[in-house]
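Input: a single structure, listed below in structure tokens.
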Amino acid sequence: MSYLPQLASLLPMTLAFWRGCPLHRSCLIVLAWLWFASNASCLAQQPGIWVNSGEDKVTREDTRLLDGKEVVNSVWNGETITLSGSRNEVVSFCVIIEAGTSPIKDVQASFRLLDGRAGAQGEQITTRVASRNDFYDFRGRNIELFFIRYLPIRGCSRLAYGHYDERLVPERLQRPHDRNGDASGGWLDRPDHDQHYPDIAVPLELHPKFVVAAGQSQSVWCDITLPRDAEAGLYEGTYRLSWSDGSQDIPVRLRVHPLTLPDLPSAKTMLYISEENINSRFLGQANLDGGPASSIVASEEIIDRYFQLAHRHRVSLITDHVDIGQVQATWDKRLHGDLFTPEAGYEGPGEGIGNNVFALGTYGIWPWKGGGKEAMWANTDQWVNFFDSSNYRTPTSYFLYLIDESEDFETIEKWCRWVKSNPGPGKRMPTLATLPLIDAYEHTPLLSIPASTTGYGITRFWKRAADHYRRAPRQGFYLYNGFRPGSGTLVIEDDGVAMRQLGWTQFKTGAARWFVWEGTYYKNLAGGSIPTKLFSTAHTFGPPEGRDPSLGETGYNYNNGDGVLFYPGTDLKHGDESYGVPAPFASLRLKHWRRGLQDYEYLKMAARANLRSTAVLIQAMIPRVMWEVPVAVEYDPTWARTGISWSNDPDDWNAAVEELSRIILSAREGNASSGASR
């Protein structure tokens with residue numbers, strides 16, 4: 001702590017006093033009491049400062065360092081931040097600042113340079129000073145800091161995990177329970193009840209000075225983008241915190257592996273954003289048809305910034321259905337990759353790489369639906385011809401989104417049959433519907449892509465279906481959203497590793513893409529269609545119906561943060577919460593998902609290097625996911641009595657990635673030695 005030098009300065013006087021005074025023991029106690037009493041106000045001002053990798057969600061009420069709890073972890077030894085990563089990767093850490101009995105005022109954070117003199121041949125990783133008007137211009141910004149905002153957890157999510165077994169609930173919200181998951185107690189017996197969870201990553205340029213309230217903590221997140229041409233080796237820098245009456249410098253050590261993650265993600269994703277919801281918050285009007293041209297231009301610029309921010313996190317976006325003319329006007333730059341170039345204000349992972357996915361008729365809203373087989377033939381011909389002639393530089397998956405979460409298998413199969421029977425090029429149009437994998441296998445065999453929820457089922461039947469879609473030509477399956485205990489979930493109060501886990505599950509199951517239903521669900525349709533106060537409430541999905549003695553605030557399908565992975569920088573619906581900037585902010589869950597997508601790249605490289613060792617590690621990290629989770633009884637395969645099978649400790653995941661790095665590098669060294677001996 002920063003008051004230690006004051007204590008050290010008293011040591012000589014104290015020793016002399018000890019030796020010379022007959023009543024030294026009593027006098028020393030009095031002296032110590034007088035010193036601490038006279039400096040109590042000073043000591044109360046000293047913040048507790050520590051660091052983690054960002055996946056330990058430290059709530060606003062958590063002051064564990066000042067409370068005397070252990071904070072050492074895989075990136076923080078109590079003095080130094082230690083990181084590692086590969087070229088074209090984003091590595092992160094989170095600094096936590098705790099206030100004691102008095103607030104910490106005028107807090108500022110800065111971190112602008114990592115120097116390679118320690119082993120990377122003098123190279124540097126730097127950033128430029130940005131303003132509130134260009135923080136969304138990524139050029140020259142390899143180091144970014146974010147002020148983290150918090151949302152109150154007033155009740156447990158219900159849709160993301162059931163409540164018949166307490167082990168399904170995230171550990172920090174579990175009530176006392178027995179080995180079978182039968183719980184006792186109420187909402188107040190959940191350790192994190194009513195606490196504020198971190199989720200909104202606001203660029204620090206919008207909070208250049210801030211206050212940490214007494215008895216609370218505040219997190220500042222850091223993203224470091226490792227350039228694709230960075231020299232491998234050790235880099236060092238200094239992260240500086242200052243406040244009204246003090247400061248602290250924190251050493252940072254970063255080792256860059258001689259590995260490079262690809263620009264085109266191997267782990268394919270798909271996240272829907274609503275242009276109407278975005279326009280409503282930023283421009284005050286959902287539908288801009290017939291409006292001034294300036295509003296349409298402004299909307300396109302804002303939505304492009306959503307695409308760039310998602311691209312920065314290795315995530316691909318889809319929007320509502322557009323016609324071919326609109327694709328050429330607004331989507332060509334996204335699919336070719338021109339939007340993700342320095343000329344467009346973008347640098348970082350995926351530079352020059354296109355969005356790689358495009359949906360026709362998103363959520364089943366395609367304009368020729370009532371036209372019969374002939375309309376299906378004509379329109380699919382037109383679209384396939386368009387994509388054939390577009391010659392996008394980045395391979396782009398496209399499909400017709402037939403219907404959303406429907407059990408009308410007969411109609412789905414009929415539409416698929418129309419497509420398959422087309423005598424023209426439209427017969428190559430892939431079809432997609434969101435339905436369980438087992439239902440698609442049994443009832444809609446002509447469907448190209450089932451996007452499957454992570455529901456329960458009898459393992460052997462689901463595995464048979466998955467094996468079929470992995471092998472079948474011109475077919476594949478996507479995974480859709482996330483539900484415990486099959487996978488991590490999308491909700492705010494789930495563990496920080498929850499969305500990181502999705503990347504590992506995607507790799508293990510062989511899913512072609514992970515589909516998240518919405519990133520801009522800014523109006524809760526089930527809660528009265530009232531625009532959600534996104535910066536002050538965690539509840540985003542399902543109607544609030546009251547309070548439950550054990551669940552807290554609750555309702556049918558009640559979920560926290562579901563559908564919101566981006567926060568609007570301007571909010572004309574709630575002006576008191578608006579920052580007035582024309583760009584979105586990322587959620588921490590989006591950053592956690594990126595971590596898992598980057599882990600996927602390590603898994604892929606490691607599997608090529610040593611498949612057996614990689615498979616053993618995967619099984620140790622995620623023993624049972626998706627349909628591997630056994631159901632409680634086969635005659636009713638809709639529920640399971642078990643908790644999650646993976647660790648919620650970020651250190652375990654960080655250690656696993658280091659092991660993957662070791663597998664990859666060992667294989668490369670072995671190949672080099674073998675080549676030299678030959």
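By order in the structure tokens, chains are A, B, ...; within a chain, residues start at 1; ligands start at 1, following the order shown.
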Cut-off 12 Å: closest stretch 126-244 of chain A/stretch 554-565 of chain A atom pairs per residue, using only C-alpha atoms, as CSV:
```
residue,atom,partner,partner_atom,distance
A:Tyr150,CA,A:Gly561,CA,11.6
A:Leu151,CA,A:Gly561,CA,9.2
A:Pro152,CA,A:Asn560,CA,9.4
A:Ile153,CA,A:Asn560,CA,7.5
A:Arg154,CA,A:Thr554,CA,8.5
A:Gly155,CA,A:Thr554,CA,5.9
A:Cys156,CA,A:Thr554,CA,7.1
A:Ser157,CA,A:Asn559,CA,4.2
A:Arg158,CA,A:Tyr558,CA,5.3
A:Leu159,CA,A:Asn557,CA,4.7
A:Ala160,CA,A:Asn559,CA,6.9
A:Tyr161,CA,A:Asn559,CA,9.6
A:Gly162,CA,A:Asn557,CA,10.1
A:His163,CA,A:Asn557,CA,11.9
A:Trp187,CA,A:Thr554,CA,11.2
A:His196,CA,A:Asn560,CA,11.9
A:Tyr197,CA,A:Asn560,CA,10.5
A:Pro198,CA,A:Gly561,CA,11.3
A:Asp199,CA,A:Gly561,CA,9.0
A:Ile200,CA,A:Leu565,CA,9.0
A:Ala201,CA,A:Leu565,CA,10.5
```
Could you write out that same residue set with N, CA and C atoms as a PDB file, in the first residue's frame?
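Final output, saved to again.pdb:
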```pdb
ATOM      1  N   TYR A 150     -21.979  -0.809 -14.242  1.00  0.00           N
ATOM      2  CA  TYR A 150     -22.569  -1.951 -13.560  1.00  0.00           C
ATOM      3  C   TYR A 150     -24.090  -1.924 -13.669  1.00  0.00           C
ATOM      4  N   LEU A 151     -24.687  -3.118 -13.573  1.00  0.00           N
ATOM      5  CA  LEU A 151     -26.138  -3.250 -13.615  1.00  0.00           C
ATOM      6  C   LEU A 151     -26.594  -4.108 -12.439  1.00  0.00           C
ATOM      7  N   PRO A 152     -27.715  -3.741 -11.796  1.00  0.00           N
ATOM      8  CA  PRO A 152     -28.149  -4.456 -10.589  1.00  0.00           C
ATOM      9  C   PRO A 152     -28.842  -5.774 -10.922  1.00  0.00           C
ATOM     10  N   ILE A 153     -28.464  -6.825 -10.235  1.00  0.00           N
ATOM     11  CA  ILE A 153     -29.123  -8.122 -10.370  1.00  0.00           C
ATOM     12  C   ILE A 153     -30.189  -8.199  -9.287  1.00  0.00           C
ATOM     13  N   ARG A 154     -31.434  -7.942  -9.673  1.00  0.00           N
ATOM     14  CA  ARG A 154     -32.557  -7.928  -8.732  1.00  0.00           C
ATOM     15  C   ARG A 154     -33.274  -9.267  -8.667  1.00  0.00           C
ATOM     16  N   GLY A 155     -32.939 -10.161  -9.598  1.00  0.00           N
ATOM     17  CA  GLY A 155     -33.554 -11.482  -9.604  1.00  0.00           C
ATOM     18  C   GLY A 155     -32.775 -12.410 -10.502  1.00  0.00           C
ATOM     19  N   CYS A 156     -32.955 -13.716 -10.306  1.00  0.00           N
ATOM     20  CA  CYS A 156     -32.258 -14.717 -11.116  1.00  0.00           C
ATOM     21  C   CYS A 156     -32.913 -14.834 -12.489  1.00  0.00           C
ATOM     22  N   SER A 157     -32.103 -14.964 -13.505  1.00  0.00           N
ATOM     23  CA  SER A 157     -32.636 -15.295 -14.820  1.00  0.00           C
ATOM     24  C   SER A 157     -33.336 -16.651 -14.746  1.00  0.00           C
ATOM     25  N   ARG A 158     -34.402 -16.801 -15.556  1.00  0.00           N
ATOM     26  CA  ARG A 158     -35.159 -18.059 -15.535  1.00  0.00           C
ATOM     27  C   ARG A 158     -35.024 -18.838 -16.844  1.00  0.00           C
ATOM     28  N   LEU A 159     -34.959 -18.127 -17.969  1.00  0.00           N
ATOM     29  CA  LEU A 159     -34.894 -18.819 -19.248  1.00  0.00           C
ATOM     30  C   LEU A 159     -33.529 -19.464 -19.462  1.00  0.00           C
ATOM     31  N   ALA A 160     -32.471 -18.852 -18.933  1.00  0.00           N
ATOM     32  CA  ALA A 160     -31.103 -19.326 -19.182  1.00  0.00           C
ATOM     33  C   ALA A 160     -30.779 -20.612 -18.438  1.00  0.00           C
ATOM     34  N   TYR A 161     -31.456 -20.850 -17.324  1.00  0.00           N
ATOM     35  CA  TYR A 161     -31.214 -22.066 -16.548  1.00  0.00           C
ATOM     36  C   TYR A 161     -32.447 -22.323 -15.674  1.00  0.00           C
ATOM     37  N   GLY A 162     -32.791 -23.572 -15.526  1.00  0.00           N
ATOM     38  CA  GLY A 162     -33.939 -23.925 -14.699  1.00  0.00           C
ATOM     39  C   GLY A 162     -33.637 -23.748 -13.225  1.00  0.00           C
ATOM     40  N   HIS A 163     -34.671 -23.873 -12.405  1.00  0.00           N
ATOM     41  CA  HIS A 163     -34.491 -23.678 -10.962  1.00  0.00           C
ATOM     42  C   HIS A 163     -34.957 -24.872 -10.146  1.00  0.00           C
ATOM     43  N   TRP A 187     -34.063 -15.472  -1.360  1.00  0.00           N
ATOM     44  CA  TRP A 187     -33.276 -14.562  -2.194  1.00  0.00           C
ATOM     45  C   TRP A 187     -32.093 -13.985  -1.428  1.00  0.00           C
ATOM     46  N   HIS A 196     -24.377  -5.345  -7.941  1.00  0.00           N
ATOM     47  CA  HIS A 196     -24.245  -4.736  -9.267  1.00  0.00           C
ATOM     48  C   HIS A 196     -23.124  -5.442 -10.027  1.00  0.00           C
ATOM     49  N   TYR A 197     -23.491  -6.030 -11.161  1.00  0.00           N
ATOM     50  CA  TYR A 197     -22.538  -6.796 -11.956  1.00  0.00           C
ATOM     51  C   TYR A 197     -21.940  -5.920 -13.063  1.00  0.00           C
ATOM     52  N   PRO A 198     -20.648  -6.105 -13.354  1.00  0.00           N
ATOM     53  CA  PRO A 198     -20.000  -5.327 -14.424  1.00  0.00           C
ATOM     54  C   PRO A 198     -20.417  -5.838 -15.790  1.00  0.00           C
ATOM     55  N   ASP A 199     -20.694  -4.912 -16.743  1.00  0.00           N
ATOM     56  CA  ASP A 199     -21.024  -5.373 -18.089  1.00  0.00           C
ATOM     57  C   ASP A 199     -20.778  -4.344 -19.181  1.00  0.00           C
ATOM     58  N   ILE A 200     -20.891  -3.057 -18.922  1.00  0.00           N
ATOM     59  CA  ILE A 200     -20.843  -2.057 -19.988  1.00  0.00           C
ATOM     60  C   ILE A 200     -19.427  -1.487 -20.072  1.00  0.00           C
ATOM     61  N   ALA A 201     -18.775  -1.675 -21.209  1.00  0.00           N
ATOM     62  CA  ALA A 201     -17.392  -1.218 -21.400  1.00  0.00           C
ATOM     63  C   ALA A 201     -17.414   0.129 -22.132  1.00  0.00           C
TER      64      ALA A 201
END
```
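Every protein or nucleic acid residue with an atom no more than 6 Å from A:Leu360, counting only C-alpha atoms and leaving out same-chain residues fewer than 3 positions away, appears here: A:His321, A:Leu400, A:Tyr401.
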All strand (DSSP E) positions in stretch 71-186 of chain A, as number ranges by chain: A: 81-87, 90-98, 104-110, 113-115, 124-126, 143-152
Going by DSSP on the backbone, which residues of stretch 308-500 of chain A come out as helix (DSSP H, G or I)? List them as a tab-separated table (two decimals) with N, CA and C atoms, in the first residue's frame.
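Full text of out.tsv as output:
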```tsv
chain	number	residue	atom	x	y	z
A	308	GLN	N	-18.09	-2.75	-37.29
A	308	GLN	CA	-16.66	-2.67	-36.99
A	308	GLN	C	-16.35	-3.13	-35.57
A	309	LEU	N	-17.19	-2.74	-34.62
A	309	LEU	CA	-16.97	-3.17	-33.24
A	309	LEU	C	-17.12	-4.68	-33.10
A	310	ALA	N	-18.12	-5.24	-33.78
A	310	ALA	CA	-18.28	-6.70	-33.76
A	310	ALA	C	-17.07	-7.38	-34.40
A	311	HIS	N	-16.60	-6.83	-35.52
A	311	HIS	CA	-15.44	-7.38	-36.23
A	311	HIS	C	-14.21	-7.36	-35.33
A	312	ARG	N	-14.08	-6.31	-34.56
A	312	ARG	CA	-12.98	-6.19	-33.61
A	312	ARG	C	-13.03	-7.32	-32.57
A	324	ILE	N	-31.68	-6.78	-53.23
A	324	ILE	CA	-30.36	-6.80	-53.85
A	324	ILE	C	-29.80	-5.39	-54.02
A	325	GLY	N	-30.65	-4.44	-54.33
A	325	GLY	CA	-30.18	-3.07	-54.45
A	325	GLY	C	-29.61	-2.54	-53.15
A	326	GLN	N	-30.25	-2.88	-52.03
A	326	GLN	CA	-29.74	-2.44	-50.73
A	326	GLN	C	-28.43	-3.14	-50.38
A	327	VAL	N	-28.29	-4.39	-50.79
A	327	VAL	CA	-27.03	-5.08	-50.55
A	327	VAL	C	-25.89	-4.35	-51.24
A	328	GLN	N	-26.12	-3.98	-52.48
A	328	GLN	CA	-25.08	-3.29	-53.23
A	328	GLN	C	-24.77	-1.92	-52.63
A	329	ALA	N	-25.79	-1.26	-52.06
A	329	ALA	CA	-25.59	0.08	-51.52
A	329	ALA	C	-24.92	0.07	-50.15
A	330	THR	N	-25.29	-0.89	-49.28
A	330	THR	CA	-24.82	-0.84	-47.89
A	330	THR	C	-24.01	-2.05	-47.46
A	331	TRP	N	-24.19	-3.20	-48.13
A	331	TRP	CA	-23.56	-4.43	-47.66
A	331	TRP	C	-22.29	-4.80	-48.41
A	332	ASP	N	-22.10	-4.32	-49.62
A	332	ASP	CA	-20.91	-4.72	-50.38
A	332	ASP	C	-19.62	-4.46	-49.61
A	333	LYS	N	-19.53	-3.28	-48.99
A	333	LYS	CA	-18.30	-2.94	-48.25
A	333	LYS	C	-18.12	-3.86	-47.04
A	334	ARG	N	-19.23	-4.35	-46.48
A	334	ARG	CA	-19.15	-5.26	-45.34
A	334	ARG	C	-18.73	-6.65	-45.77
A	335	LEU	N	-19.23	-7.10	-46.92
A	335	LEU	CA	-18.94	-8.45	-47.37
A	335	LEU	C	-17.61	-8.54	-48.11
A	336	HIS	N	-17.25	-7.49	-48.85
A	336	HIS	CA	-15.92	-7.47	-49.48
A	336	HIS	C	-14.81	-7.29	-48.45
A	338	ASP	N	-14.12	-3.97	-47.33
A	338	ASP	CA	-13.67	-2.58	-47.42
A	338	ASP	C	-13.99	-1.79	-46.15
A	339	LEU	N	-15.06	-2.18	-45.43
A	339	LEU	CA	-15.41	-1.48	-44.20
A	339	LEU	C	-14.39	-1.72	-43.10
A	340	PHE	N	-13.59	-2.78	-43.25
A	340	PHE	CA	-12.65	-3.17	-42.21
A	340	PHE	C	-11.21	-2.91	-42.66
A	342	PRO	N	-8.02	0.42	-42.95
A	342	PRO	CA	-7.65	1.72	-42.38
A	342	PRO	C	-8.35	2.88	-43.07
A	343	GLU	N	-8.63	2.77	-44.35
A	343	GLU	CA	-9.31	3.85	-45.06
A	343	GLU	C	-10.71	4.10	-44.47
A	344	ALA	N	-11.30	3.06	-43.86
A	344	ALA	CA	-12.62	3.19	-43.23
A	344	ALA	C	-12.52	3.37	-41.72
A	362	THR	N	-34.32	-12.81	-42.57
A	362	THR	CA	-34.00	-13.08	-41.17
A	362	THR	C	-35.26	-13.26	-40.33
A	363	TYR	N	-35.24	-14.30	-39.50
A	363	TYR	CA	-36.36	-14.69	-38.65
A	363	TYR	C	-37.62	-15.04	-39.45
A	364	GLY	N	-37.42	-15.47	-40.70
A	364	GLY	CA	-38.53	-15.96	-41.49
A	364	GLY	C	-39.35	-14.89	-42.17
A	369	LYS	N	-42.95	-15.08	-49.47
A	369	LYS	CA	-43.42	-16.25	-48.74
A	369	LYS	C	-44.79	-16.73	-49.24
A	370	GLY	N	-45.67	-15.83	-49.62
A	370	GLY	CA	-47.00	-16.25	-50.04
A	370	GLY	C	-47.13	-16.54	-51.52
A	371	GLY	N	-46.03	-16.56	-52.26
A	371	GLY	CA	-46.09	-16.68	-53.71
A	371	GLY	C	-46.01	-18.07	-54.26
A	372	GLY	N	-45.84	-19.08	-53.40
A	372	GLY	CA	-45.80	-20.44	-53.89
A	372	GLY	C	-44.45	-20.85	-54.45
A	373	LYS	N	-44.45	-22.03	-55.09
A	373	LYS	CA	-43.20	-22.61	-55.59
A	373	LYS	C	-42.55	-21.75	-56.66
A	374	GLU	N	-43.36	-21.17	-57.56
A	374	GLU	CA	-42.80	-20.38	-58.65
A	374	GLU	C	-42.07	-19.16	-58.11
A	375	ALA	N	-42.66	-18.51	-57.09
A	375	ALA	CA	-41.98	-17.35	-56.48
A	375	ALA	C	-40.69	-17.78	-55.79
A	376	MET	N	-40.72	-18.95	-55.16
A	376	MET	CA	-39.50	-19.46	-54.53
A	376	MET	C	-38.42	-19.68	-55.58
A	377	TRP	N	-38.77	-20.28	-56.71
A	377	TRP	CA	-37.79	-20.52	-57.76
A	377	TRP	C	-37.21	-19.21	-58.29
A	378	ALA	N	-38.09	-18.26	-58.60
A	378	ALA	CA	-37.64	-17.01	-59.21
A	378	ALA	C	-36.72	-16.25	-58.27
A	379	ASN	N	-37.08	-16.16	-57.00
A	379	ASN	CA	-36.29	-15.37	-56.06
A	379	ASN	C	-34.98	-16.05	-55.67
A	380	THR	N	-35.02	-17.35	-55.48
A	380	THR	CA	-33.75	-18.02	-55.15
A	380	THR	C	-32.80	-18.01	-56.34
A	381	ASP	N	-33.35	-18.12	-57.56
A	381	ASP	CA	-32.49	-17.97	-58.75
A	381	ASP	C	-31.79	-16.62	-58.75
A	382	GLN	N	-32.58	-15.58	-58.48
A	382	GLN	CA	-32.04	-14.23	-58.51
A	382	GLN	C	-30.93	-14.05	-57.48
A	383	TRP	N	-31.16	-14.56	-56.27
A	383	TRP	CA	-30.16	-14.38	-55.21
A	383	TRP	C	-28.91	-15.22	-55.46
A	384	VAL	N	-29.06	-16.44	-55.90
A	384	VAL	CA	-27.87	-17.26	-56.16
A	384	VAL	C	-27.06	-16.66	-57.30
A	385	ASN	N	-27.73	-16.18	-58.33
A	385	ASN	CA	-27.01	-15.50	-59.41
A	385	ASN	C	-26.26	-14.28	-58.90
A	386	PHE	N	-26.90	-13.55	-57.99
A	386	PHE	CA	-26.26	-12.36	-57.44
A	386	PHE	C	-24.98	-12.73	-56.70
A	387	PHE	N	-25.05	-13.73	-55.84
A	387	PHE	CA	-23.86	-14.09	-55.07
A	387	PHE	C	-22.80	-14.72	-55.98
A	388	ASP	N	-23.23	-15.45	-57.00
A	388	ASP	CA	-22.25	-16.01	-57.94
A	388	ASP	C	-21.46	-14.91	-58.65
A	389	SER	N	-22.13	-13.81	-58.95
A	389	SER	CA	-21.49	-12.74	-59.71
A	389	SER	C	-20.78	-11.72	-58.84
A	390	SER	N	-21.00	-11.76	-57.54
A	390	SER	CA	-20.44	-10.72	-56.66
A	390	SER	C	-18.94	-10.90	-56.43
A	409	PHE	N	-43.16	-28.76	-39.04
A	409	PHE	CA	-42.15	-29.47	-39.82
A	409	PHE	C	-42.61	-29.70	-41.26
A	410	GLU	N	-43.89	-29.91	-41.44
A	410	GLU	CA	-44.41	-30.17	-42.78
A	410	GLU	C	-44.17	-28.99	-43.71
A	411	THR	N	-44.43	-27.77	-43.21
A	411	THR	CA	-44.21	-26.58	-44.04
A	411	THR	C	-42.73	-26.35	-44.29
A	412	ILE	N	-41.90	-26.56	-43.28
A	412	ILE	CA	-40.46	-26.39	-43.46
A	412	ILE	C	-39.95	-27.34	-44.55
A	413	GLU	N	-40.38	-28.59	-44.49
A	413	GLU	CA	-39.94	-29.57	-45.47
A	413	GLU	C	-40.47	-29.22	-46.87
A	414	LYS	N	-41.69	-28.69	-46.94
A	414	LYS	CA	-42.25	-28.28	-48.23
A	414	LYS	C	-41.41	-27.18	-48.86
A	415	TRP	N	-41.04	-26.17	-48.09
A	415	TRP	CA	-40.23	-25.08	-48.63
A	415	TRP	C	-38.87	-25.61	-49.09
A	416	CYS	N	-38.29	-26.49	-48.28
A	416	CYS	CA	-36.99	-27.06	-48.67
A	416	CYS	C	-37.13	-27.86	-49.97
A	417	ARG	N	-38.23	-28.57	-50.13
A	417	ARG	CA	-38.46	-29.35	-51.35
A	417	ARG	C	-38.58	-28.43	-52.55
A	418	TRP	N	-39.26	-27.29	-52.37
A	418	TRP	CA	-39.36	-26.33	-53.47
A	418	TRP	C	-37.97	-25.88	-53.92
A	419	VAL	N	-37.13	-25.56	-52.93
A	419	VAL	CA	-35.78	-25.10	-53.27
A	419	VAL	C	-35.02	-26.21	-54.00
A	420	LYS	N	-35.05	-27.42	-53.46
A	420	LYS	CA	-34.29	-28.52	-54.04
A	420	LYS	C	-34.76	-28.88	-55.44
A	425	PRO	N	-30.41	-22.19	-60.94
A	425	PRO	CA	-29.34	-22.08	-59.94
A	425	PRO	C	-29.86	-21.97	-58.51
A	426	GLY	N	-31.12	-21.55	-58.33
A	426	GLY	CA	-31.68	-21.41	-56.99
A	426	GLY	C	-31.72	-22.69	-56.20
A	427	LYS	N	-31.55	-23.84	-56.84
A	427	LYS	CA	-31.55	-25.10	-56.11
A	427	LYS	C	-30.35	-25.19	-55.16
A	428	ARG	N	-29.36	-24.32	-55.37
A	428	ARG	CA	-28.18	-24.30	-54.50
A	428	ARG	C	-28.35	-23.37	-53.31
A	437	LEU	N	-31.75	-29.98	-33.11
A	437	LEU	CA	-31.03	-30.82	-34.06
A	437	LEU	C	-31.75	-32.15	-34.29
A	438	ILE	N	-32.25	-32.74	-33.23
A	438	ILE	CA	-32.90	-34.05	-33.35
A	438	ILE	C	-34.19	-33.94	-34.15
A	439	ASP	N	-34.93	-32.81	-34.01
A	439	ASP	CA	-36.16	-32.62	-34.79
A	439	ASP	C	-35.84	-32.45	-36.27
A	440	ALA	N	-34.78	-31.70	-36.56
A	440	ALA	CA	-34.39	-31.52	-37.96
A	440	ALA	C	-34.02	-32.86	-38.59
A	441	TYR	N	-33.26	-33.65	-37.88
A	441	TYR	CA	-32.82	-34.96	-38.40
A	441	TYR	C	-34.01	-35.87	-38.66
A	442	GLU	N	-35.00	-35.85	-37.77
A	442	GLU	CA	-36.11	-36.79	-37.88
A	442	GLU	C	-37.25	-36.28	-38.77
A	443	HIS	N	-37.44	-34.94	-38.84
A	443	HIS	CA	-38.65	-34.43	-39.49
A	443	HIS	C	-38.39	-33.53	-40.69
A	459	THR	N	-28.69	-38.71	-25.29
A	459	THR	CA	-27.38	-38.46	-25.89
A	459	THR	C	-27.18	-39.22	-27.20
A	460	ARG	N	-27.50	-40.50	-27.22
A	460	ARG	CA	-27.18	-41.30	-28.41
A	460	ARG	C	-27.96	-40.83	-29.64
A	461	PHE	N	-29.19	-40.34	-29.43
A	461	PHE	CA	-29.98	-39.88	-30.57
A	461	PHE	C	-29.46	-38.54	-31.09
A	462	TRP	N	-29.11	-37.64	-30.17
A	462	TRP	CA	-28.57	-36.35	-30.59
A	462	TRP	C	-27.22	-36.51	-31.26
A	463	LYS	N	-26.41	-37.41	-30.72
A	463	LYS	CA	-25.09	-37.64	-31.32
A	463	LYS	C	-25.24	-38.18	-32.74
A	464	ARG	N	-26.19	-39.07	-32.95
A	464	ARG	CA	-26.43	-39.61	-34.29
A	464	ARG	C	-26.81	-38.49	-35.26
A	465	ALA	N	-27.66	-37.57	-34.80
A	465	ALA	CA	-28.05	-36.44	-35.65
A	465	ALA	C	-26.86	-35.54	-35.95
A	466	ALA	N	-26.07	-35.23	-34.92
A	466	ALA	CA	-24.90	-34.36	-35.11
A	466	ALA	C	-23.91	-35.00	-36.08
A	467	ASP	N	-23.66	-36.29	-35.93
A	467	ASP	CA	-22.74	-36.99	-36.83
A	467	ASP	C	-23.23	-36.89	-38.27
A	468	HIS	N	-24.54	-37.02	-38.47
A	468	HIS	CA	-25.09	-36.93	-39.82
A	468	HIS	C	-24.79	-35.58	-40.45
A	469	TYR	N	-25.07	-34.49	-39.71
A	469	TYR	CA	-24.90	-33.15	-40.28
A	469	TYR	C	-23.43	-32.78	-40.46
A	470	ARG	N	-22.56	-33.37	-39.65
A	470	ARG	CA	-21.14	-33.11	-39.84
A	470	ARG	C	-20.61	-33.77	-41.11
A	471	ARG	N	-21.22	-34.88	-41.49
A	471	ARG	CA	-20.72	-35.63	-42.65
A	471	ARG	C	-21.45	-35.30	-43.95
A	498	ALA	N	-18.47	-17.98	-19.01
A	498	ALA	CA	-19.64	-18.61	-19.65
A	498	ALA	C	-19.59	-18.48	-21.16
A	499	MET	N	-19.37	-17.27	-21.66
A	499	MET	CA	-19.35	-17.09	-23.11
A	499	MET	C	-18.01	-17.48	-23.71
A	500	ARG	N	-16.96	-17.50	-22.92
A	500	ARG	CA	-15.70	-18.07	-23.39
A	500	ARG	C	-15.88	-19.56	-23.66
```
Contact residues around A:Leu206 with only C-alpha atoms at 8 Å, ignoring same-chain residues under 4 positions, as a ChimeraX atom specification: /A:132,202,579
At most 10 Å is the cut-off: for each residue in stretch 230-296 of chain A with any atom that close to an atom of stretch 528-538 of chain A, write down the nearest atom pair and the distance in Å rounded to one decimal, counting only C-alpha atoms, chain first then increasing number, as a tab-separated table.
```
residue	atom	partner	partner_atom	distance
A:Asn277	CA	A:Pro531	CA	9.2
A:Ser280	CA	A:Pro531	CA	9.3
A:Arg281	CA	A:Pro531	CA	8.9
```
Non-local contacts of stretch 216-222 of chain A (7 Å; only C-alpha atoms; under 2 positions in same chain excluded) as number ranges by chain: A: 60-63, 92-99, 144-148, 212-214, 224
All residues 6 Å or closer to stretch 645-660 of chain A, only C-alpha atoms, same chain fewer than 3 positions away omitted, as JSON, numbers by chain: {"A": [55, 74, 606, 621, 622, 623, 624, 663]}
Pairwise distance for atom CA of A:Asp289 and atom CA of A:Glu301, rounded to one decimal in Å: 16.4 Å
Surrounding residues of stretch 446-457 of chain A excluding itself and chain neighbours under 5 positions, 7 Å, only C-alpha atoms, as number ranges by chain: A: 413, 416-417, 430-437, 440, 462, 474-483, 486, 626-627, 631, 637-639
Computed interatomic separation between atom CA of A:Leu317 and atom CA of A:Leu271 (Å):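 Interatomic distance, atom CA of A:Leu317 to atom CA of A:Leu271: 4.8 Å.
Using only C-alpha atoms, the residues found no farther than 10 Å from A:Val71, other than those of its own chain fewer than 6 positions away, are Ile49, Trp50, Val51, Asn52, Arg64, Leu65, Asn77 and Gly78 of chain A.
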Two-atom distance - atom CA of A:Arg255, atom CA of A:Asp229 (Å):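 Atom CA of A:Asp229 lies at a distance of 14.4 Å from atom CA of A:Arg255.
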From A:Ala632, A:Val90, A:Val58, A:Val297, residue lying nearest A:Gly348 [only C-alpha atoms]: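 With only C-alpha atoms as the atom set, the closest residue is A:Val90.
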Proximity to A:Pro485 - best of A:Thr509, A:Arg641, A:Asp245, A:Pro265, only C-alpha atoms: A:Arg641
